[in-house]
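Asker: The structure under discussion is supplied below as structure tokens; questions concerning it will follow.
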Amino acid sequence: MRERLTRVLSRAPLHVAVIGICLIWLMPSVGLLMSSFRPRNDVLASGWWTVFQHPFDFTQYTLENYANVITAQGMGRAFLNSLYITIPSTIIPIMVAAFAAYAFAWMDFPGRQSLFAIVVGLLVVPLQMTLIPILRVYNQLGLAGTFLGIWLAHTGYGLPFAVYLLRNFFGALPRDLFESAFLDGASHPTAFFRLALPLSVPALASLAIFQFLWVWNDLLVALIYLGGTERVAPLTLKLSSLVNSLGQNWHLLTAAAFVSMALPLAIFFSLQRYFVRGILAGAVKG
Amino acid sequence: MKKGSVLPWLFMLPALLILAFFLVYPTLDTLYLSLFDKRSENFVGLHNYVWALTSKDMFIAFRNNLLWLVLFTALTVSLGLALAVLLDRVRYEAVAKSIIFLPMAVSFVGAGVIWKFVYAFRPASAAQIGLLNAILTNFTNLDPIGWLVNRATNNFALIVAGVWIWTGFCMVILSAAYKGIPGELIEAARVDGASEWQVFWGITIPMMKPTIAVVTTTMVINVLKVFDIVYVMTNGDLGTEVIANRMYKEMFHFRNFGRASAIAVILLLAIIPVMLVNIRRFQEQEAIR
């Protein structure tokens, strides 16, 4: 009994430290969530933590802030724009990368190694290096401020990492499998669609989640290529302009911020395993 | 392996075309534009680089990136490492990890709003609605601080927000490496009478060195490119400018493509050596696995 007590006591600092850090990490987000449900006057009159004096007094909560930001402030429109930008910007680069990655992993052609090295080398290029020339071409072609323009841009920026990750994954698939398929007369397209892709579902899922969140949370690419075009602005762009226009209207800003986070949070909680796997595989992405 | 003639090129064609247009061509063009003036009309040699390395605005940006480099990298990596080791010893590891990792899922813009609210400032006479100033005024006699406008605190306030976002990333990768250390090794050391502290410095750290290096270089690259947090929270005002935000300003506000290109090239030059180290380390690690 006494031994047990000393063991619990000796571990107490560990638990205090861990729980303390977790609370510190949670606090900012809890403050955001709570404030988004409080009426304007309450938010300005007292801190969000005061709701915990009577947490179950539901009269102190309201959904009005959400109604306001989704309709009047345009966050609803921005949410749809984000979906419309993110879905193709996730699917196109993965498809394009999968074909190239298969060629790098299982096809024989001159210059294979050096070409792959160049693709991986492109990982070092910061977005900033590409913005001015591409924006100029976009302005000439009328692609600035269009969904097509931003889909293509995200495809370009996501490709080196996607090719790198998928080539490594395809390359690690059992060689015998492919050799016996080729002996049985399978062509490369057949091996690609029937073997490589189905066997790589976990890698493709991780990559898709990664790219989806990356595009959904992106500000810079949208800022440059969609710029001032309100009609096509995604959530991040809309939210950053609300930060300027709403100033101290925290009841609205917090609700708007939460709208922008809802989908990534849902994905995070339901698919955390794939997300973590993607991060572990992609530690190299800059 | 089957011999293909045209087929491999067909497979690669879309990827190569897109990469050539979105990465290769613009990189070369930006290099070229950096040698020209504002409107890319007159050749000015290295003038834009001289400006970048001597102007006061750029000096502030370089200084802040350096501050970020030191503080942000040290804090994210050491906190991530501490959490990886500590959380391994508690039963609610999974929940705790989710909490620390959560900020990685939201956008930097969203995180910027979260932290702007934490730092919210009102005059001493009014009720403080920002968490930090409420703590400050309730538990000490100090006056509330405008964390994001006070030049002594604003850079640190931004870095803290960055650390809050990225620590989870470091923790996840370091935790995976920590769990990969053979248990017998640690047990043997304990049996021989090593203290937990000795185990940590003598076994854990040396065994995790390659992973710590990868995580550190990844954080360094993040720092060099840091943009969103600064753009949303202070827009680089009041001495919080960073390189990437300055590049954006030169490009969009001042329409000076020469200077903006030169800044981008400097950013690239700073990233290349770090990225090379990172890729090499990563491949060594893959080879061991």
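So you can find residues: chains in the structure tokens are A, B, ... in the order shown, residues in each start at 1, and ligands are numbered from 1 in order.
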Once you count only C-alpha atoms, what closest atom pair and distance in Å to one decimal does each residue of chain B within 7 Å of chain A have, with rows by chain and rising residue number, as a tab-separated table?
Answerer:
residue	atom	partner	partner_atom	distance
B:Met1	CA	A:Met107	CA	6.7
B:Lys2	CA	A:Met107	CA	6.6
B:Lys3	CA	A:Asp108	CA	5.8
B:Gly4	CA	A:Asp108	CA	6.5
B:Pro8	CA	A:Ala103	CA	5.5
B:Phe11	CA	A:Phe99	CA	5.1
B:Met12	CA	A:Ala100	CA	4.4
B:Pro14	CA	A:Val96	CA	6.3
B:Ala15	CA	A:Val96	CA	5.7
B:Ile18	CA	A:Gly156	CA	5.7
B:Leu19	CA	A:Gly156	CA	5.8
B:Phe22	CA	A:Gly156	CA	5.4
B:Leu23	CA	A:Thr130	CA	6.4
B:Pro26	CA	A:Thr130	CA	4.8
B:Thr27	CA	A:Met129	CA	5.5
B:Asp29	CA	A:Pro133	CA	6.4
B:Thr30	CA	A:Met129	CA	6.1
B:Ala96	CA	A:Cys22	CA	6.3
B:Ile99	CA	A:Cys22	CA	6.4
B:Ile100	CA	A:Trp25	CA	6.2
B:Ala105	CA	A:Pro264	CA	5.8
B:Val106	CA	A:Met261	CA	5.5
B:Ser107	CA	A:Asn217	CA	4.3
B:Val109	CA	A:Thr236	CA	6.1
B:Gly110	CA	A:Ala257	CA	5.3
B:Val113	CA	A:Ala257	CA	6.7
B:Ile114	CA	A:Leu32	CA	6.0
B:Trp115	CA	A:Pro28	CA	6.8
B:Val118	CA	A:Pro28	CA	6.4
B:Ala127	CA	A:Ser46	CA	6.2
B:Gln128	CA	A:Gly47	CA	6.6
B:Ile129	CA	A:Gly47	CA	4.2
B:Gly130	CA	A:Gly47	CA	6.8
B:Ile173	CA	A:Leu280	CA	6.0
B:Thr218	CA	A:Gly286	CA	6.3
B:Ile221	CA	A:Gly286	CA	6.0
B:Asn222	CA	A:Gly286	CA	6.6
B:Asp228	CA	A:Leu219	CA	6.7
B:Val232	CA	A:Ser240	CA	6.0
B:Ala264	CA	A:Met129	CA	5.2
B:Val265	CA	A:Met129	CA	6.6
B:Leu268	CA	A:Pro126	CA	6.2
B:Ile271	CA	A:Val124	CA	6.7
B:Ile272	CA	A:Val124	CA	5.9
B:Met275	CA	A:Val124	CA	6.1
B:Asn278	CA	A:Val284	CA	6.4
B:Ile279	CA	A:Val284	CA	6.4
B:Phe282	CA	A:Val284	CA	6.9
Asker: Would you output that residue set with N, CA and C atoms, as a CSV table (one decimal), in the first residue's frame?
Answerer:
chain,number,residue,atom,x,y,z
B,1,MET,N,12.3,-6.3,-65.8
B,1,MET,CA,11.6,-5.0,-66.2
B,1,MET,C,11.3,-5.0,-67.7
B,2,LYS,N,10.1,-4.6,-68.0
B,2,LYS,CA,9.8,-4.5,-69.5
B,2,LYS,C,10.3,-3.3,-70.2
B,3,LYS,N,10.7,-3.6,-71.4
B,3,LYS,CA,11.2,-2.4,-72.2
B,3,LYS,C,10.1,-1.7,-72.8
B,4,GLY,N,10.1,-0.4,-72.6
B,4,GLY,CA,9.0,0.4,-73.2
B,4,GLY,C,9.7,1.5,-74.1
B,8,PRO,N,6.8,5.1,-71.5
B,8,PRO,CA,7.2,5.8,-70.3
B,8,PRO,C,7.1,7.3,-70.4
B,11,PHE,N,3.5,8.3,-69.9
B,11,PHE,CA,3.2,8.3,-68.5
B,11,PHE,C,3.7,9.6,-67.8
B,12,MET,N,4.8,10.0,-68.3
B,12,MET,CA,5.4,11.2,-67.6
B,12,MET,C,5.1,12.5,-68.2
B,14,PRO,N,2.4,14.5,-68.8
B,14,PRO,CA,1.7,15.5,-68.1
B,14,PRO,C,2.5,16.1,-66.9
B,15,ALA,N,3.1,15.2,-66.1
B,15,ALA,CA,3.9,15.7,-65.0
B,15,ALA,C,5.0,16.6,-65.4
B,18,ILE,N,3.8,20.1,-66.7
B,18,ILE,CA,3.4,20.9,-65.6
B,18,ILE,C,4.6,21.4,-64.7
B,19,LEU,N,5.5,20.5,-64.4
B,19,LEU,CA,6.7,20.9,-63.7
B,19,LEU,C,7.5,21.9,-64.4
B,22,PHE,N,5.4,25.3,-64.2
B,22,PHE,CA,5.1,25.9,-62.9
B,22,PHE,C,6.4,26.0,-62.0
B,23,LEU,N,7.4,25.2,-62.3
B,23,LEU,CA,8.6,25.3,-61.4
B,23,LEU,C,9.9,25.7,-62.2
B,26,PRO,N,9.5,29.4,-64.3
B,26,PRO,CA,9.5,30.6,-63.4
B,26,PRO,C,10.8,30.7,-62.6
B,27,THR,N,11.4,29.6,-62.2
B,27,THR,CA,12.6,29.8,-61.4
B,27,THR,C,13.7,30.5,-62.2
B,29,ASP,N,13.1,32.4,-64.8
B,29,ASP,CA,12.7,33.7,-65.1
B,29,ASP,C,12.9,34.7,-64.0
B,30,THR,N,12.6,34.2,-62.7
B,30,THR,CA,12.8,35.0,-61.6
B,30,THR,C,14.3,35.4,-61.4
B,96,ALA,N,-3.7,13.0,-25.4
B,96,ALA,CA,-2.8,14.1,-25.3
B,96,ALA,C,-2.1,14.5,-26.6
B,99,ILE,N,-4.4,16.4,-28.8
B,99,ILE,CA,-4.6,17.8,-28.4
B,99,ILE,C,-3.4,18.6,-28.9
B,100,ILE,N,-2.2,18.1,-28.7
B,100,ILE,CA,-1.0,18.9,-29.1
B,100,ILE,C,-0.9,19.0,-30.7
B,105,ALA,N,-3.9,20.9,-38.1
B,105,ALA,CA,-4.9,20.6,-39.0
B,105,ALA,C,-5.6,21.9,-39.5
B,106,VAL,N,-5.5,23.0,-38.7
B,106,VAL,CA,-6.2,24.2,-39.1
B,106,VAL,C,-5.2,25.2,-39.9
B,107,SER,N,-5.8,26.1,-40.6
B,107,SER,CA,-4.9,27.0,-41.4
B,107,SER,C,-4.2,28.0,-40.5
B,109,VAL,N,-4.0,31.0,-41.1
B,109,VAL,CA,-4.9,32.2,-40.9
B,109,VAL,C,-5.8,32.0,-39.7
B,110,GLY,N,-6.4,30.8,-39.6
B,110,GLY,CA,-7.3,30.5,-38.5
B,110,GLY,C,-6.5,30.6,-37.2
B,113,VAL,N,-6.0,34.1,-36.1
B,113,VAL,CA,-7.2,34.7,-35.5
B,113,VAL,C,-7.3,34.2,-34.0
B,114,ILE,N,-7.0,32.9,-33.8
B,114,ILE,CA,-7.0,32.3,-32.4
B,114,ILE,C,-6.1,33.1,-31.5
B,115,TRP,N,-4.9,33.3,-32.0
B,115,TRP,CA,-3.8,34.0,-31.2
B,115,TRP,C,-4.0,35.5,-31.1
B,118,VAL,N,-6.2,35.7,-28.2
B,118,VAL,CA,-5.4,35.5,-27.0
B,118,VAL,C,-4.7,36.7,-26.5
B,127,ALA,N,-12.6,45.8,-19.0
B,127,ALA,CA,-12.4,44.3,-18.7
B,127,ALA,C,-11.5,43.7,-19.8
B,128,GLN,N,-10.6,42.9,-19.4
B,128,GLN,CA,-9.7,42.3,-20.4
B,128,GLN,C,-10.4,41.1,-21.0
B,129,ILE,N,-10.6,41.0,-22.3
B,129,ILE,CA,-11.2,39.8,-22.9
B,129,ILE,C,-10.2,38.9,-23.5
B,130,GLY,N,-8.9,39.4,-23.6
B,130,GLY,CA,-7.9,38.5,-24.1
B,130,GLY,C,-7.3,37.7,-23.0
B,173,ILE,N,6.7,13.0,-35.2
B,173,ILE,CA,7.8,12.4,-35.9
B,173,ILE,C,8.8,11.9,-34.8
B,218,THR,N,13.6,20.6,-41.2
B,218,THR,CA,12.3,20.9,-41.7
B,218,THR,C,11.8,22.2,-41.0
B,221,ILE,N,13.4,25.2,-42.6
B,221,ILE,CA,12.8,25.6,-43.9
B,221,ILE,C,11.5,26.4,-43.6
B,222,ASN,N,10.7,25.9,-42.7
B,222,ASN,CA,9.5,26.6,-42.4
B,222,ASN,C,9.7,28.0,-42.0
B,228,ASP,N,2.2,33.4,-43.6
B,228,ASP,CA,0.8,33.5,-43.2
B,228,ASP,C,0.6,34.1,-41.9
B,232,VAL,N,-1.2,37.7,-41.4
B,232,VAL,CA,-2.6,37.9,-40.8
B,232,VAL,C,-2.5,38.7,-39.5
B,264,ALA,N,13.2,36.7,-53.6
B,264,ALA,CA,12.9,35.3,-53.8
B,264,ALA,C,14.1,34.5,-54.0
B,265,VAL,N,15.1,35.0,-54.8
B,265,VAL,CA,16.3,34.3,-55.0
B,265,VAL,C,17.1,34.1,-53.7
B,268,LEU,N,15.6,31.3,-51.9
B,268,LEU,CA,16.0,30.1,-52.5
B,268,LEU,C,17.4,29.7,-52.1
B,271,ILE,N,17.5,28.3,-48.7
B,271,ILE,CA,16.8,27.1,-48.5
B,271,ILE,C,17.6,25.9,-49.0
B,272,ILE,N,18.3,26.1,-50.2
B,272,ILE,CA,19.0,25.0,-50.9
B,272,ILE,C,19.9,24.2,-50.0
B,275,MET,N,17.8,22.1,-47.5
B,275,MET,CA,17.0,21.1,-48.1
B,275,MET,C,17.9,19.9,-48.5
B,278,ASN,N,18.6,17.9,-45.7
B,278,ASN,CA,17.3,17.2,-45.3
B,278,ASN,C,17.1,15.9,-46.1
B,279,ILE,N,17.2,16.1,-47.5
B,279,ILE,CA,16.9,15.0,-48.4
B,279,ILE,C,17.9,13.9,-48.2
B,282,PHE,N,17.2,12.1,-45.0
B,282,PHE,CA,15.9,11.3,-45.1
B,282,PHE,C,16.2,10.0,-45.8
Asker: Enumerate the residues of stretch 32-248 of chain A with a DSSP assignment of alpha helix (DSSP H), computed from the backbone, and present them as a ChimeraX atom specification.
Answerer: /A:32-36,40-45,64-71,75-106,112-121,128-141,147-171,175-183,188-190,197-199,201-217,220-225,235-246
Asker: Rank nothing, just name the residue among B:Leu71, B:Ala82, B:Ala194, B:Leu35 nearest to B:Ile159, using only C-alpha atoms.
Answerer: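 The closest residue to B:Ile159 is B:Leu71.
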Asker: Env of A:Ala205: 9 Å cut, atoms = only C-alpha atoms, seq-sep filter 3 positions within chain, self excluded. Answer as a list in words.
Answerer: Ser200, Val201, Pro202, Ala208, Ile209, Phe210, Tyr274, Phe275 and Gly278 of chain A
Asker: Do you know which residues are at most 10 Å from A:Arg231 counting only C-alpha atoms, after dropping those on the same chain fewer than 5 positions away, and could you put them as a PyMOL selection string?
Answerer: chain A and resi 74+77-78+81+145-146+226
